[in-house]
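Student: Sharing a structure below in structure tokens format, with a few things to ask.
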Amino acid sequence: MKTISKIFIFVIIAIILIAIFLLLKNNGQKNLEVTFFDVGQGDSALIKTPYGQDIIIDGGPDNIVISKLGENLGFFDNDIELMILTHPHADHVTGLIEILKRYDVEKIIYTGIVYDSLVYKTFLEAASKEEAQIIIADKKQRIVLGDDLYLDILYPESDISNVIEDNVNNTSIVARLVHGENSFLFMGDAEGEEELEIIDDGGLESDVLKLAHHGSKTNDREFIDIVSPRYTIISVGIKNKFGHPNLGVMNMLSEIGTKTFRTDKLGDISFFSDGHNIGEVY
């Protein structure tokens, strides 16, 4: 009897703790939090909204993102409300596979582009097993996250699923997150051709720009001038073999006057927005 009583008490305490956690998750965070993870030579960013949603954009080149999520979400938070794969290169997709195994993912957005890669095929298999809503990014669309918070998918503007493309960098999902007066632009690995393609649509100006393709020379000056970012993030690995970020691009950013942060030098980089002001922590 004593054992049964102890088990019962333990269960009640566990239920109370979980209830408290869920209450804190939904109501305790007043600000939008955007963290660009240091995942080496790759991309991964976590968005934590004031409404309790967790959004992951890309997963980096290995499973280090799992420990990053553990540090940022906590032990009891096992839900990812939205997962976005910008494009199927290994340095963006690999970590998402393990996330799908360990977390409950509600929605997955990707382009459906054809790409012959074992790691991409493994991702697609893991996504098909997940009880998640699969959304193909086949047009410009807005995802409303709250009264003053939304995520716009700016590219692709048409259906490229089942298309074979030589340069999948230029099929990258481009997304713009808006919280009140503050905005964040996520570029994936889009190169100059894709950047120029979306310039004419306007609405690109953003406080924070996640620079495309790890700061490679493919970044277009005209595009960055139009975005006019106060802060620019470069997700890049230490002494990587590609020579990222490009020296010319770094000089260009200095000329523009944007404050530039690099994950290879600073590690994880976080921004907090109350809808009016943005603060950075690294």
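Convention: chains lettered A, B, ... in structure tokens order; per-chain residue numbering from 1; ligands numbered from 1 as shown.
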For the interface of stretch 136-241 of chain A with stretch 74-89 of chain A (cut-off 6 Å, counting only C-alpha atoms), please tabulate each contacting residue of stretch 136-241 of chain A alongside its nearest pair of atoms and their separation in Å to one decimal, rows sorted by chain and increasing number, as a Markdown table.
Tutor:
| residue | atom | partner | partner_atom | distance |
| --- | --- | --- | --- | --- |
| A:Ser172 | CA | A:Thr86 | CA | 4.9 |
| A:Ile173 | CA | A:Thr86 | CA | 4.5 |
| A:Gly188 | CA | A:Thr86 | CA | 5.6 |
Student: When DSSP is applied to the backbone of this structure, which of stretch 71-266 of chain A are assigned alpha helix (DSSP H)? Write them out as an MDAnalysis selection string.
Tutor: chainID A and resid 71:73 90:102 118:129 192:199 221:227 247:256 263:266
Student: Show me, as a PyMOL selection string, the residues that have an atom within 10 Å of A:Ile64 when counting only C-alpha atoms, minus same-chain residues fewer than 6 positions from it.
Tutor: chain A and resi 37-40+95+98
Student: Please write the residues from the selection above to a file, keeping N, CA and C atoms, as an mmCIF file, in the first residue's frame.
Tutor:
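Contents of the output file part_2.cif:
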data_model
loop_
_atom_site.group_PDB
_atom_site.id
_atom_site.type_symbol
_atom_site.label_atom_id
_atom_site.label_comp_id
_atom_site.auth_asym_id
_atom_site.auth_seq_id
_atom_site.Cartn_x
_atom_site.Cartn_y
_atom_site.Cartn_z
ATOM 1 N N PHE A 37 21.819 29.480 -34.386
ATOM 2 C CA PHE A 37 22.707 28.520 -33.742
ATOM 3 C C PHE A 37 24.073 28.467 -34.423
ATOM 4 N N ASP A 38 25.079 28.284 -33.609
ATOM 5 C CA ASP A 38 26.419 27.984 -34.129
ATOM 6 C C ASP A 38 26.484 26.479 -34.384
ATOM 7 N N VAL A 39 26.287 26.084 -35.632
ATOM 8 C CA VAL A 39 26.295 24.664 -35.998
ATOM 9 C C VAL A 39 27.465 24.349 -36.918
ATOM 10 N N GLY A 40 28.500 25.183 -36.893
ATOM 11 C CA GLY A 40 29.612 24.991 -37.803
ATOM 12 C C GLY A 40 29.268 25.511 -39.184
ATOM 13 N N GLY A 95 20.565 17.864 -39.569
ATOM 14 C CA GLY A 95 20.082 17.918 -38.196
ATOM 15 C C GLY A 95 18.577 17.774 -38.052
ATOM 16 N N GLU A 98 17.224 14.086 -37.095
ATOM 17 C CA GLU A 98 17.208 13.689 -35.691
ATOM 18 C C GLU A 98 16.127 14.440 -34.914
#
Student: Which of these, A:Glu165, A:Asp264, A:Asp220, A:Asp274, has the shortest distance to A:Gly248 once you count only C-alpha atoms?
Tutor: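 Ranked by minimum distance to A:Gly248, first place goes to A:Asp220.
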Student: Can you tell me, as a PDB file with C-alpha atoms, in the first residue's frame, what residues are no more than 8 Å from A:Lys217 when counting only C-alpha atoms, ignoring any on the same chain fewer than 5 positions away?
Tutor:
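So the final result, stored in part_6.pdb, reads:
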ATOM      1  CA  PRO A 245      32.553  34.639 -45.606  1.00  0.00           C
ATOM      2  CA  ASN A 246      33.941  36.312 -48.697  1.00  0.00           C
ATOM      3  CA  GLY A 248      34.585  41.427 -50.581  1.00  0.00           C
ATOM      4  CA  VAL A 249      31.176  40.768 -49.021  1.00  0.00           C
TER       5      VAL A 249
END
Student: At a cut-off of 12 Å, using only C-alpha atoms, what residues contact A:Gly279? Leave out same-chain residues fewer than 2 positions from it and give the result as a compact mmCIF listing (two decimals) with C-alpha atoms, in the first residue's frame.
Tutor:
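out-v1.txt, written as the output of this step:
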# COMPACT_ATOMS: atom_id res chain seq x y z
CA ASN A 31 9.09 38.70 -26.26
CA LEU A 32 9.85 37.09 -29.57
CA GLU A 33 13.18 35.29 -29.40
CA VAL A 34 15.21 34.39 -32.50
CA THR A 35 18.43 32.41 -32.06
CA ASN A 182 10.44 44.50 -36.07
CA ASP A 207 15.97 44.84 -39.10
CA VAL A 208 17.83 41.52 -39.07
CA ARG A 230 20.50 47.06 -38.94
CA TYR A 231 21.99 43.66 -38.09
CA ILE A 269 23.44 34.71 -31.47
CA SER A 270 20.02 35.65 -30.08
CA PHE A 271 17.70 38.58 -30.69
CA PHE A 272 14.72 39.61 -28.58
CA SER A 273 11.86 41.70 -29.90
CA ASP A 274 8.96 43.27 -28.00
CA GLY A 275 7.43 44.41 -31.28
CA HIS A 276 9.01 47.87 -31.01
CA ASN A 277 12.66 47.36 -30.10
CA VAL A 281 22.63 38.66 -26.91
CA TYR A 282 25.64 36.53 -27.85
Student: Pick the closest to A:Ile109 from A:Lys139, A:Lys121, A:Arg221, A:Lys129: which is it, counting only C-alpha atoms?
Tutor: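 Smallest distance to A:Ile109 is found for A:Lys139.
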Student: Using only C-alpha atoms, which residues sit within 10 Å of A:Ile164 once same-chain residues fewer than 4 positions away are excluded, as a compact mmCIF listing (two decimals) with C-alpha atoms, in the first residue's frame?
Tutor:
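Result file out17.txt:
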# COMPACT_ATOMS: atom_id res chain seq x y z
CA ILE A 113 12.54 19.95 -55.17
CA VAL A 114 14.19 16.84 -56.64
CA TYR A 115 17.70 16.31 -55.28
CA ASP A 116 19.73 13.11 -55.42
CA ILE A 160 8.90 23.67 -58.06
CA VAL A 168 19.39 24.10 -55.60
Student: Run DSSP on the backbone of this structure and report the residues of stretch 66-231 of chain A it assigns to strand (DSSP E or B), as a PyMOL selection string.
Tutor: chain A and resi 79-84+104-110+114+133-136+141-146+149-155+164+174-179+182-186+208-210+231
Student: I'd like to know which of A:Ala190, A:Ala90, A:Val236, A:Ile136 is closest to A:Ser117, using only C-alpha atoms.
Tutor: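 Of all the options, A:Ala90 lies closest to A:Ser117.
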Student: Looking at only C-alpha atoms, which of A:Glu71, A:Glu106, A:Glu280, A:Asp43 is the one that sits closest to A:His213?
Tutor: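 Once distances to A:His213 are computed over only C-alpha atoms, the minimum belongs to A:Asp43.
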Student: Go ahead and compute the interatomic distance for atom CA of A:Arg142 and atom CA of A:Gly180, in Å to one decimal.
Tutor: 14.9 Å
Student: Name the closest residue to A:Gly42 among the candidates A:Asn169, A:Thr94, A:Ser228, A:Ser128; distances are taken between atoms, counting only C-alpha atoms.
Tutor: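 Under the stated criterion, the closest residue is A:Thr94.
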Student: Residues at most 9 Å from A:Lys259, counting only C-alpha atoms, excluding those fewer than 3 positions away in the same chain, as a VMD selection string?
Tutor: chain A and resid 229 to 233 253 to 254
Student: Output N, CA and C atoms for every residue in that selection, as an mmCIF file, in the first residue's frame.
Tutor:
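Result saved to out20.cif:
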data_model
loop_
_atom_site.group_PDB
_atom_site.id
_atom_site.type_symbol
_atom_site.label_atom_id
_atom_site.label_comp_id
_atom_site.auth_asym_id
_atom_site.auth_seq_id
_atom_site.Cartn_x
_atom_site.Cartn_y
_atom_site.Cartn_z
ATOM 1 N N PRO A 229 19.518 46.209 -43.636
ATOM 2 C CA PRO A 229 19.462 45.629 -42.294
ATOM 3 C C PRO A 229 20.268 46.423 -41.266
ATOM 4 N N ARG A 230 19.723 46.513 -40.059
ATOM 5 C CA ARG A 230 20.497 47.058 -38.939
ATOM 6 C C ARG A 230 21.522 46.033 -38.466
ATOM 7 N N TYR A 231 21.127 44.755 -38.519
ATOM 8 C CA TYR A 231 21.986 43.661 -38.088
ATOM 9 C C TYR A 231 22.053 42.621 -39.202
ATOM 10 N N THR A 232 23.234 42.052 -39.412
ATOM 11 C CA THR A 232 23.404 40.974 -40.384
ATOM 12 C C THR A 232 24.070 39.785 -39.701
ATOM 13 N N ILE A 233 23.497 38.601 -39.907
ATOM 14 C CA ILE A 233 24.017 37.368 -39.323
ATOM 15 C C ILE A 233 24.674 36.531 -40.410
ATOM 16 N N LEU A 253 29.524 44.896 -46.487
ATOM 17 C CA LEU A 253 28.678 45.060 -45.302
ATOM 18 C C LEU A 253 29.184 46.213 -44.443
ATOM 19 N N SER A 254 30.493 46.366 -44.365
ATOM 20 C CA SER A 254 31.072 47.468 -43.609
ATOM 21 C C SER A 254 30.704 48.806 -44.240
#
Student: So that each row is one residue of stretch 84-187 of chain A with an atom at most 10 Å from stretch 192-205 of chain A, can you give its shortest atom pair and the distance in Å to one decimal, using only C-alpha atoms, rows by chain and rising number, as CSV?
Tutor:
residue,atom,partner,partner_atom,distance
A:Leu154,CA,A:Ile198,CA,7.6
A:Tyr155,CA,A:Ile198,CA,7.4
A:Pro156,CA,A:Ile198,CA,9.1
A:Glu157,CA,A:Ile198,CA,9.0
A:Asn169,CA,A:Glu194,CA,8.7
A:Asn170,CA,A:Glu194,CA,5.5
A:Thr171,CA,A:Glu194,CA,7.7
A:Ser172,CA,A:Glu194,CA,8.4
A:Val174,CA,A:Glu195,CA,9.3
A:Ala175,CA,A:Leu204,CA,9.9
A:Arg176,CA,A:Leu204,CA,7.8
A:Ser183,CA,A:Glu205,CA,8.0
A:Phe184,CA,A:Glu205,CA,8.9
A:Leu185,CA,A:Leu204,CA,7.7
A:Met187,CA,A:Glu195,CA,8.8
Student: Those same residues - C-alpha atoms - I'd like them written as a short mmCIF file (atom, residue, chain, number, x, y, z; two decimals), in the first residue's frame.
Tutor:
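As written to disk, selection_31.cif reads:
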data_model
loop_
_atom_site.label_atom_id
_atom_site.label_comp_id
_atom_site.auth_asym_id
_atom_site.auth_seq_id
_atom_site.Cartn_x
_atom_site.Cartn_y
_atom_site.Cartn_z
CA LEU A 154 8.46 35.15 -50.13
CA TYR A 155 10.06 32.50 -52.35
CA PRO A 156 9.45 30.28 -54.25
CA GLU A 157 6.53 32.01 -55.94
CA ASN A 169 20.76 27.11 -53.71
CA ASN A 170 18.52 29.19 -55.94
CA THR A 171 15.47 27.17 -54.88
CA SER A 172 15.89 28.24 -51.24
CA VAL A 174 13.06 32.88 -48.31
CA ALA A 175 11.01 33.81 -45.26
CA ARG A 176 10.38 37.12 -43.50
CA SER A 183 11.38 42.11 -38.88
CA PHE A 184 13.80 39.27 -39.66
CA LEU A 185 14.72 38.01 -43.14
CA MET A 187 17.66 33.78 -46.91
#
Student: How many Å lie between atom CA of A:Thr263 and atom CA of A:Arg102, rounded to one decimal?
Tutor: 25.2 Å
Student: By how many Å are atom CA of A:Ala132 and atom CA of A:Leu100 apart?
Tutor: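 Taking atom CA of A:Ala132 and atom CA of A:Leu100, their separation equals 9.8 Å.
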Student: Pick from A:Lys241, A:Lys48, A:His92, A:Arg262: nearest to A:Leu149, with only C-alpha atoms counted?
Tutor: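 Ranked by minimum distance to A:Leu149, first place goes to A:Lys48.
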